[in-house]
$ cat model-v8.cif   # mmCIF, C-alpha atoms
data_data
loop_
_atom_site.label_atom_id
_atom_site.label_comp_id
_atom_site.auth_asym_id
_atom_site.auth_seq_id
_atom_site.Cartn_x
_atom_site.Cartn_y
_atom_site.Cartn_z
CA MET A 204 -39.48 23.55 -11.42
CA GLY A 205 -41.21 20.44 -10.11
CA GLU A 206 -42.19 17.24 -11.82
CA GLN A 207 -44.57 14.34 -11.53
CA LEU A 208 -44.86 11.43 -13.92
CA GLU A 209 -47.48 8.79 -14.66
CA ILE A 210 -47.23 5.70 -16.83
CA THR A 211 -50.55 5.86 -18.60
CA SER A 212 -52.76 2.86 -17.90
CA LYS A 213 -53.96 2.71 -21.49
CA ALA A 214 -50.41 2.22 -22.61
CA TYR A 215 -49.28 -0.52 -20.24
CA LEU A 216 -51.77 -3.19 -19.29
CA SER A 217 -49.94 -4.59 -16.24
CA LEU A 218 -49.80 -1.15 -14.62
CA GLN A 219 -53.39 -0.25 -15.38
CA LEU A 220 -54.76 -0.70 -11.87
CA ALA A 221 -51.89 1.28 -10.40
CA PHE A 222 -53.49 4.39 -11.90
CA ARG A 223 -57.12 3.57 -12.73
CA GLN A 224 -59.84 2.44 -10.36
CA GLN A 225 -60.76 -0.38 -12.73
CA LYS A 226 -59.78 -1.64 -16.16
CA LYS A 227 -60.72 0.63 -19.08
CA SER A 228 -61.81 3.32 -16.62
CA LYS A 229 -60.59 6.92 -16.81
CA GLU A 230 -61.16 7.43 -13.07
CA HIS A 231 -57.78 7.96 -11.42
CA THR A 232 -56.61 6.27 -8.21
CA GLY A 233 -54.67 9.37 -7.16
CA ARG A 234 -51.33 7.58 -7.41
CA TYR A 235 -48.47 9.40 -9.13
CA TYR A 236 -44.76 8.83 -9.34
CA TRP A 237 -42.86 11.93 -8.30
CA LEU A 238 -39.23 12.88 -8.69
CA GLY A 239 -38.71 12.41 -4.95
CA THR A 240 -40.38 12.75 -1.58
CA ARG A 241 -40.18 16.57 -1.50
CA ASN A 242 -42.00 19.20 -3.50
CA ILE A 243 -40.80 21.95 -5.82
CA ASP A 244 -39.68 24.05 -2.84
CA GLY A 245 -37.92 21.20 -1.04
CA ASN A 246 -40.64 20.62 1.56
CA PRO A 247 -41.89 17.08 2.43
CA ARG A 248 -44.70 16.02 0.09
CA GLY A 249 -45.87 12.95 1.99
CA ASN A 250 -45.68 10.39 -0.82
CA ALA A 251 -44.21 6.97 -0.10
CA SER A 252 -40.74 6.22 -1.46
CA ARG A 253 -42.25 3.57 -3.76
CA TYR A 254 -43.98 6.34 -5.69
CA THR A 255 -40.80 8.03 -6.85
CA LEU A 256 -38.79 8.02 -10.06
CA PRO A 257 -37.53 6.18 -11.92
CA ILE A 258 -40.33 3.76 -12.74
CA ARG A 259 -38.69 0.34 -12.42
CA ARG A 260 -39.21 -3.23 -11.30
CA GLY A 261 -40.77 -2.93 -7.85
CA SER A 262 -42.64 0.33 -8.59
CA HIS A 263 -46.01 -1.42 -8.88
CA PRO A 264 -48.13 -0.77 -5.73
CA ASN A 265 -49.15 -4.44 -5.56
CA ASP A 266 -46.32 -6.68 -4.31
CA GLY A 267 -47.79 -9.49 -6.38
CA PHE A 268 -46.57 -7.59 -9.46
CA LYS A 269 -43.02 -6.98 -8.21
CA ASN A 270 -41.59 -8.51 -11.39
CA VAL A 271 -43.51 -6.11 -13.69
CA THR A 272 -41.32 -3.93 -15.90
CA VAL A 273 -42.19 -1.43 -18.63
CA LYS A 274 -41.86 -2.81 -22.13
CA PRO A 275 -40.47 -0.82 -25.07
CA GLY A 276 -43.31 0.55 -27.16
CA TYR A 277 -45.39 1.75 -24.22
CA HIS A 278 -45.44 5.48 -23.66
CA PHE A 279 -45.82 7.42 -20.44
CA LYS A 280 -47.62 10.64 -19.67
CA PHE A 281 -45.96 13.19 -17.40
CA ASP A 282 -46.36 16.75 -16.25
CA LEU A 283 -44.05 19.38 -14.85
CA LYS A 284 -44.70 22.40 -12.70
CA THR A 285 -42.95 25.74 -13.11
CA LYS A 286 -43.24 28.97 -11.16
CA GLY A 287 -42.62 32.55 -12.22
CA ASN A 288 -42.70 34.17 -15.64
CA MET A 289 -43.20 31.05 -17.76
CA PHE A 290 -46.65 32.14 -19.02
CA GLY A 291 -45.66 33.93 -22.23
CA PRO A 292 -46.81 33.03 -25.75
CA ASN A 293 -43.34 31.79 -26.81
CA ASP A 294 -42.30 30.07 -23.58
CA SER A 295 -41.74 26.32 -23.65
CA ILE A 296 -40.06 23.36 -21.98
CA ARG A 297 -37.19 21.63 -23.81
CA ILE A 298 -36.41 18.03 -22.91
CA THR A 299 -33.43 16.15 -24.31
CA PRO A 300 -33.69 12.40 -23.70
CA THR A 301 -30.56 10.26 -23.48
CA PHE A 302 -30.29 6.54 -22.99
CA GLU A 303 -28.19 4.22 -20.87
CA PHE A 304 -28.20 0.49 -20.31
CA VAL A 305 -27.83 -1.19 -16.95
CA SER A 306 -27.43 -4.93 -16.46
CA ARG A 307 -30.20 -6.68 -14.55
CA ASP A 308 -27.95 -7.11 -11.50
CA GLY A 309 -27.23 -3.36 -11.51
CA LYS A 310 -23.46 -3.78 -11.70
CA HIS A 311 -22.81 -2.40 -15.19
CA ARG A 312 -24.19 0.86 -16.57
CA GLN A 313 -23.16 2.47 -19.85
CA ASP A 314 -24.23 5.02 -22.47
CA VAL A 315 -25.99 3.44 -25.43
CA ASP A 316 -27.45 4.13 -28.85
CA LEU A 317 -30.93 2.90 -29.76
CA TYR A 318 -31.90 1.63 -33.20
CA TYR A 319 -35.31 0.74 -34.62
CA HIS A 320 -36.89 -0.21 -37.94
CA ALA A 321 -38.72 2.66 -39.67
CA PRO A 322 -41.35 1.96 -42.35
CA ASP A 323 -38.86 2.76 -45.12
CA ARG A 324 -35.51 1.90 -43.52
CA ASN A 325 -34.11 -0.70 -41.15
CA PHE A 326 -31.83 0.06 -38.20
CA VAL A 327 -32.42 3.77 -37.82
CA ARG A 328 -30.38 5.27 -35.01
CA VAL A 329 -32.29 7.50 -32.61
CA GLY A 330 -30.94 11.02 -33.12
CA SER A 331 -29.70 10.44 -36.67
CA SER A 332 -30.88 12.31 -39.77
CA PHE A 333 -33.10 9.33 -40.64
CA ASP A 334 -34.86 9.47 -37.26
CA THR A 335 -37.81 11.59 -38.38
CA ILE A 336 -40.78 10.10 -36.50
CA GLU A 337 -42.64 12.83 -34.57
CA ARG A 338 -44.95 12.54 -31.61
CA GLU A 339 -48.25 14.41 -31.32
CA ILE A 340 -49.91 15.16 -27.97
CA THR A 341 -53.44 16.31 -27.23
CA LEU A 342 -53.73 18.40 -24.08
CA ASN A 343 -57.31 17.48 -23.21
CA ALA A 344 -56.78 13.74 -23.64
CA ARG A 345 -59.28 11.50 -21.85
CA LEU A 346 -56.76 9.93 -19.46
CA ARG A 347 -55.29 13.24 -18.32
CA ASN A 348 -58.42 13.96 -16.27
CA LEU A 349 -58.04 17.72 -16.71
CA HIS A 350 -60.68 19.92 -15.10
CA PRO A 351 -62.76 21.89 -17.65
CA LEU A 352 -62.73 24.95 -15.37
CA GLN A 353 -58.91 25.03 -15.31
CA ILE A 354 -58.82 24.81 -19.10
CA GLU A 355 -61.29 27.68 -19.44
CA GLN A 356 -59.61 29.85 -16.79
CA THR A 357 -56.21 29.37 -18.45
CA GLY A 358 -57.57 30.64 -21.76
CA GLN A 359 -59.29 33.61 -20.15
CA THR A 360 -56.16 34.49 -18.16
CA PHE A 361 -53.90 34.32 -21.21
CA TYR A 362 -56.25 36.58 -23.14
CA GLN A 363 -56.36 39.18 -20.38
CA LEU A 364 -52.55 39.23 -20.07
CA TYR A 365 -51.92 39.52 -23.82
CA ARG A 366 -55.05 41.08 -25.25
CA HIS A 367 -53.06 44.10 -26.46
CA GLN A 368 -51.16 41.70 -28.76
CA LEU A 369 -54.21 39.78 -29.97
CA SER A 370 -56.37 40.88 -32.86
CA GLN A 371 -59.53 38.97 -32.00
CA SER A 372 -62.17 39.44 -29.34
CA GLU A 373 -62.14 37.39 -26.16
CA GLN A 374 -65.09 35.37 -27.41
CA VAL A 375 -63.32 34.40 -30.63
CA PHE A 376 -60.07 33.70 -28.79
CA MET A 377 -61.82 31.40 -26.31
CA GLN A 378 -63.52 29.51 -29.12
CA GLN A 379 -60.11 28.93 -30.71
CA TRP A 380 -58.52 27.97 -27.38
CA LEU A 381 -61.19 25.42 -26.53
CA ARG A 382 -60.78 23.85 -29.97
CA GLN A 383 -56.98 23.84 -29.62
CA VAL A 384 -56.95 21.78 -26.40
CA ASP A 385 -58.68 18.95 -28.27
CA ARG A 386 -56.28 19.01 -31.23
CA PRO A 387 -52.90 17.23 -31.43
CA THR A 388 -49.74 19.30 -31.04
CA LYS A 389 -46.34 18.18 -32.37
CA THR A 390 -43.68 17.92 -29.67
CA GLY A 391 -40.68 16.25 -31.33
CA GLY A 392 -39.34 12.73 -31.62
CA PHE A 393 -37.31 10.13 -29.74
CA SER A 394 -34.21 12.32 -29.38
CA HIS A 395 -35.72 15.72 -28.58
CA MET A 396 -38.90 17.20 -27.21
CA LYS A 397 -40.41 20.67 -26.97
CA ILE A 398 -43.52 21.25 -24.87
CA PRO A 399 -45.09 24.51 -26.12
CA GLY A 400 -47.65 26.79 -24.53
CA GLU A 401 -50.46 24.87 -26.21
CA LEU A 402 -49.73 22.08 -23.70
CA ARG A 403 -49.66 24.31 -20.62
CA LEU A 404 -52.29 25.20 -18.04
CA PHE A 405 -52.13 27.85 -15.32
CA ARG A 406 -52.71 26.90 -11.70
CA GLY A 407 -51.77 29.87 -9.53
CA PRO A 408 -53.68 31.08 -6.44
CA THR A 409 -57.17 32.51 -6.72
CA GLN A 410 -57.67 33.69 -3.10
CA LEU A 411 -55.75 36.97 -3.15
CA PRO A 412 -55.34 40.16 -1.11
CA ASN A 413 -56.83 43.38 -2.42
CA GLY A 414 -54.78 45.09 -5.09
CA VAL A 415 -53.23 41.94 -6.55
CA ASN A 416 -53.79 41.37 -10.27
CA PRO A 417 -55.77 38.10 -10.33
CA TYR A 418 -54.69 37.21 -13.87
CA ARG A 419 -50.99 37.72 -13.13
CA ALA A 420 -51.28 35.67 -9.94
CA TYR A 421 -53.13 32.79 -11.60
CA ALA A 422 -50.56 32.64 -14.41
CA ALA A 423 -47.61 32.62 -11.98
CA GLU A 424 -47.72 28.83 -11.63
CA GLN A 425 -47.83 26.64 -14.72
CA GLN A 426 -48.37 22.94 -15.39
CA TRP A 427 -46.88 21.48 -18.59
CA TYR A 428 -48.06 18.19 -20.06
CA GLY A 429 -45.92 15.78 -22.04
CA GLU A 430 -45.65 12.22 -23.23
CA PHE A 431 -42.75 10.02 -24.25
CA GLY A 432 -41.84 6.48 -25.21
CA ILE A 433 -39.31 4.46 -27.18
CA PRO A 434 -39.97 2.18 -30.20
CA SER A 435 -41.62 -1.18 -29.55
CA LYS A 436 -38.81 -3.14 -31.18
CA VAL A 437 -35.56 -1.53 -30.16
CA TYR A 438 -31.94 -2.58 -30.66
CA VAL A 439 -29.42 -1.47 -28.05
CA VAL A 440 -25.68 -1.09 -28.65
CA GLN A 441 -22.83 0.57 -26.81
CA LYS A 442 -22.65 4.31 -27.51
CA GLY A 443 -20.76 4.95 -30.75
CA PHE A 444 -20.78 1.32 -31.87
CA PRO A 445 -20.42 1.34 -35.72
CA LEU A 446 -23.48 -0.77 -36.47
CA HIS A 447 -23.57 0.07 -40.17
CA ARG A 448 -20.02 -1.11 -40.62
CA GLN A 449 -21.10 -4.64 -39.74
CA PHE A 450 -21.43 -6.41 -43.09
CA SER A 451 -23.85 -9.10 -42.02
CA PHE A 452 -25.53 -9.80 -38.72
CA ARG A 453 -28.66 -11.29 -37.24
CA GLU A 454 -31.13 -9.45 -35.04
CA ASP A 455 -29.90 -11.56 -32.10
CA ALA A 456 -26.22 -10.70 -32.71
CA SER A 457 -24.05 -10.72 -29.60
CA PHE A 458 -23.26 -6.99 -29.77
CA PHE A 459 -26.91 -6.11 -29.07
CA LEU A 460 -27.27 -5.54 -25.32
CA LYS A 461 -29.80 -7.76 -23.57
CA ASP A 462 -30.61 -8.95 -20.04
CA GLY A 463 -31.00 -5.49 -18.59
CA TYR A 464 -32.82 -2.19 -18.74
CA ILE A 465 -32.81 0.82 -21.04
CA ILE A 466 -32.78 3.89 -18.79
CA VAL A 467 -34.47 6.99 -20.19
CA ASN A 468 -32.81 10.11 -18.77
CA PHE A 469 -34.28 13.60 -19.20
CA ASN A 470 -32.34 16.85 -19.36
CA ILE A 471 -35.05 19.47 -18.74
CA GLU A 472 -34.72 23.18 -19.55
CA THR A 473 -37.15 26.08 -19.65
CA ILE A 474 -37.17 28.41 -22.65
CA ARG A 475 -38.31 32.01 -22.34
CA ALA A 476 -39.57 34.08 -25.30
CA GLY A 477 -38.39 31.49 -27.84
CA ARG A 478 -34.69 31.91 -26.96
CA MET A 479 -33.66 28.31 -27.64
CA ASP A 480 -29.94 29.12 -27.39
CA ASP A 481 -30.30 30.74 -23.98
CA PRO A 482 -32.26 28.45 -21.59
CA HIS A 483 -33.91 30.28 -18.71
CA LEU A 484 -33.71 27.54 -16.05
CA GLN A 485 -32.04 24.15 -15.86
CA TYR A 486 -33.36 21.21 -13.88
CA ILE A 487 -29.99 19.56 -13.17
CA TYR A 488 -27.18 21.97 -14.03
CA ALA A 489 -28.59 25.20 -12.59
CA PRO A 490 -26.00 27.55 -11.04
CA LEU A 491 -27.75 27.80 -7.66
CA THR A 492 -29.56 24.52 -7.13
CA ASN A 493 -29.98 20.99 -8.44
CA GLN A 494 -33.74 20.44 -8.49
CA TRP A 495 -33.33 16.66 -8.35
CA LYS A 496 -31.52 16.93 -5.02
CA ARG A 497 -33.91 19.62 -3.81
CA GLU A 498 -36.91 17.35 -4.41
CA GLY A 499 -35.37 14.37 -2.63
CA PHE A 500 -34.28 12.16 -5.50
CA VAL A 501 -32.74 8.90 -4.24
CA TYR A 502 -29.49 7.84 -5.91
CA SER A 503 -29.51 4.13 -5.10
CA VAL A 504 -32.38 1.62 -5.02
CA ILE A 505 -32.65 -2.09 -4.28
CA ASP A 506 -35.08 -3.95 -6.52
CA PRO A 507 -37.39 -6.72 -5.23
CA TYR A 508 -34.79 -9.37 -6.12
CA GLY A 509 -31.94 -7.77 -4.21
CA ALA A 510 -30.13 -5.99 -7.05
CA THR A 511 -28.68 -2.59 -6.09
CA ILE A 512 -28.95 -0.06 -8.90
CA HIS A 513 -27.23 3.30 -8.77
CA LEU A 514 -29.16 6.20 -10.28
CA LYS A 515 -28.34 9.57 -11.83
CA ASP A 516 -30.06 12.93 -11.93
CA GLY A 517 -32.61 12.77 -14.74
CA ASP A 518 -33.43 9.04 -14.61
CA ILE A 519 -37.12 8.71 -15.48
CA VAL A 520 -38.05 5.13 -16.39
CA PHE A 521 -36.48 1.70 -16.95
CA TYR A 522 -37.56 -0.19 -20.08
CA ASP A 523 -36.91 -3.94 -20.15
CA ALA A 524 -34.51 -4.50 -23.05
CA ASP A 525 -35.61 -8.13 -23.45
CA GLN A 526 -39.28 -7.37 -24.00
CA SER A 527 -41.59 -5.51 -26.37
CA SER A 528 -45.14 -4.21 -26.29
CA ARG A 529 -45.71 -6.30 -29.42
CA ASP A 530 -45.64 -9.40 -27.22
CA ASP A 531 -48.93 -8.30 -25.62
CA TYR A 532 -50.82 -8.14 -28.91
CA ARG A 533 -49.69 -11.20 -30.83
CA VAL A 534 -52.41 -13.07 -32.66
CA ARG A 535 -52.57 -16.65 -31.43
CA GLY A 536 -54.58 -19.54 -32.85
CA THR A 537 -56.79 -21.74 -30.69
CA HIS A 538 -55.21 -24.99 -31.90
#

$ encode --input "model-v8.cif" --output "structure tokens"
Amino acid sequence: MGEQLEITSKAYLSLQLAFRQQKKSKEHTGRYYWLGTRNIDGNPRGNASRYTLPIRRGSHPNDGFKNVTVKPGYHFKFDLKTKGNMFGPNDSIRITPTFEFVSRDGKHRQDVDLYYHAPDRNFVRVGSSFDTIEREITLNARLRNLHPLQIEQTGQTFYQLYRHQLSQSEQVFMQQWLRQVDRPTKTGGFSHMKIPGELRLFRGPTQLPNGVNPYRAYAAEQQWYGEFGIPSKVYVVQKGFPLHRQFSFREDASFFLKDGYIIVNFNIETIRAGRMDDPHLQYIYAPLTNQWKREGFVYSVIDPYGATIHLKDGDIVFYDADQSSRDDYRVRGTH
């Protein structure tokens, strides 16, 4: 597998020009943040070390924005590449997010639980039975900049590979496929994510020797599209802290962790033929290779203010625990 990630400009105003040629534009700058400096096969990619995961203070391409951090409430778009037989109708990517907190000086890192206020209940723990908010993703979203030809070729390829299992004609199937890419697809919530085939495009080679099945070759490389974020107002406590046993507390109680970053960590697995209990490949804990090491992930970074922060396989983005996206949209009077 291979991965690249982009914080969507629509979601985070201060990072907008890192990805878009101008404000409110969908035209991409060509900048992406990759897992490391090597590609899926371990070969040098050529990207600068600044454009690697996790997204953190100092990731912004403009040094004048070195203090910019991602605020809770903003989501990020990402995509992953797989190779091989991951083109079936019931294949998917499973991602299990976990959360850690690191102090701003980088010296203390610990597992944490996240809480948020739901519309009908306060202090809902992410991953609990009350954590029922689901995310919906549209494949052909404006800011993904997907090529219409790739969308069409993916549908045609899928039909040719599985037409013996499909009851409709190619014309009807393609009409349904082209409608599907513009419709939202449920992918899970804050504690779990499943990226199904509806959010996958094929991108295999098209220049082939004689005798090679062009549909099988084109489907042999797949790109999966996802999106994730944490609640805008989030409360961070040490993992296992019995929050609901506290009889009375304020939202600024001392046991809420502040002055640091919430680290989102992804455990990524591929699922073949719907076998959720038997993952096909594992991004970190594979028996033969650790894809994070293979792609050149760096395990220690120094932020623009001199803090050394040690990283772990799976670290994706740092959210500033002291901020919120709500701060960017407060209504203020003129006097």

$ residues_around --input "model-v8.cif" --residues "Ala524 in chain A" --least-positions-apart "2" --cutoff "6 Å" --atoms "all atoms listed in the file" --output "list in words"
Lys461, Gly463, Tyr464, Ile465 and Gln526 of chain A

$ atom_distance --input "model-v8.cif" --atom1 "CA of Glu498 in chain A" --atom2 "CA of Gly432 in chain A"
24.0 Å

$ closest_residue --input "model-v8.cif" --among "A:Asp525, A:Ser252, A:Phe459, A:Leu364" --to "Pro264 in chain A" --atoms "only C-alpha atoms"
A:Ser252

$ residues_around --input "model-v8.cif" --residues "Gly392 in chain A" --least-positions-apart "4" --cutoff "6 Å" --atoms "only C-alpha atoms" --output "list in words"
Ile336, Glu337 and Arg338 of chain A

$ resolve_selection --input "model-v8.cif" --expression "the PyMOL selection byres ((chain A and resi 361-363) around 10)" --output "ChimeraX atom specification"
/A:290-292,356-360,364-369,371-374,376-377,380,404-405,418-419,421-422

$ atom_distance --input "model-v8.cif" --atom1 "CA of Tyr254 in chain A" --atom2 "CA of Ala489 in chain A"
25.3 Å

$ resolve_selection --input "model-v8.cif" --expression "the PyMOL selection byres ((chain A and resi 236-238) around 12)" --output "PyMOL selection string"
chain A and resi 204-211+221-222+233-235+239-243+245+247-259+262-264+279-284+469+486+494-502+515-520

$ atom_distance --input "model-v8.cif" --atom1 "CA of Arg307 in chain A" --atom2 "CA of Asn270 in chain A"
12.0 Å

$ resolve_selection --input "model-v8.cif" --expression "the PyMOL selection byres ((chain A and resi 435) around 12)" --output "list in words"
Ala214, Val273, Lys274, Pro275, Gly276, Tyr277, His278, Leu317, Tyr318, Tyr319, His320, Ala321, Gly432, Ile433, Pro434, Lys436, Val437, Tyr438, Tyr522, Asp523, Ala524, Asp525, Gln526, Ser527, Ser528, Arg529, Asp530, Asp531 and Tyr532 of chain A

$ closest_residue --input "model-v8.cif" --among "A:Gly267, A:Gly443, A:Gly287, A:Pro351" --to "Arg328 in chain A" --atoms "only C-alpha atoms"
A:Gly443

$ residues_around --input "model-v8.cif" --residues "Met289 in chain A" --least-positions-apart "2" --cutoff "8 Å" --atoms "only C-alpha atoms" --output "list of chain:residue names"
A:Thr285, A:Lys286, A:Gly287, A:Gly291, A:Asp294, A:Ser295, A:Ala423, A:Glu424, A:Gln425, A:Arg475

$ closest_residue --input "model-v8.cif" --among "A:Ile296, A:Val305, A:Leu352, A:Ala344" --to "Ala510 in chain A" --atoms "only C-alpha atoms"
A:Val305
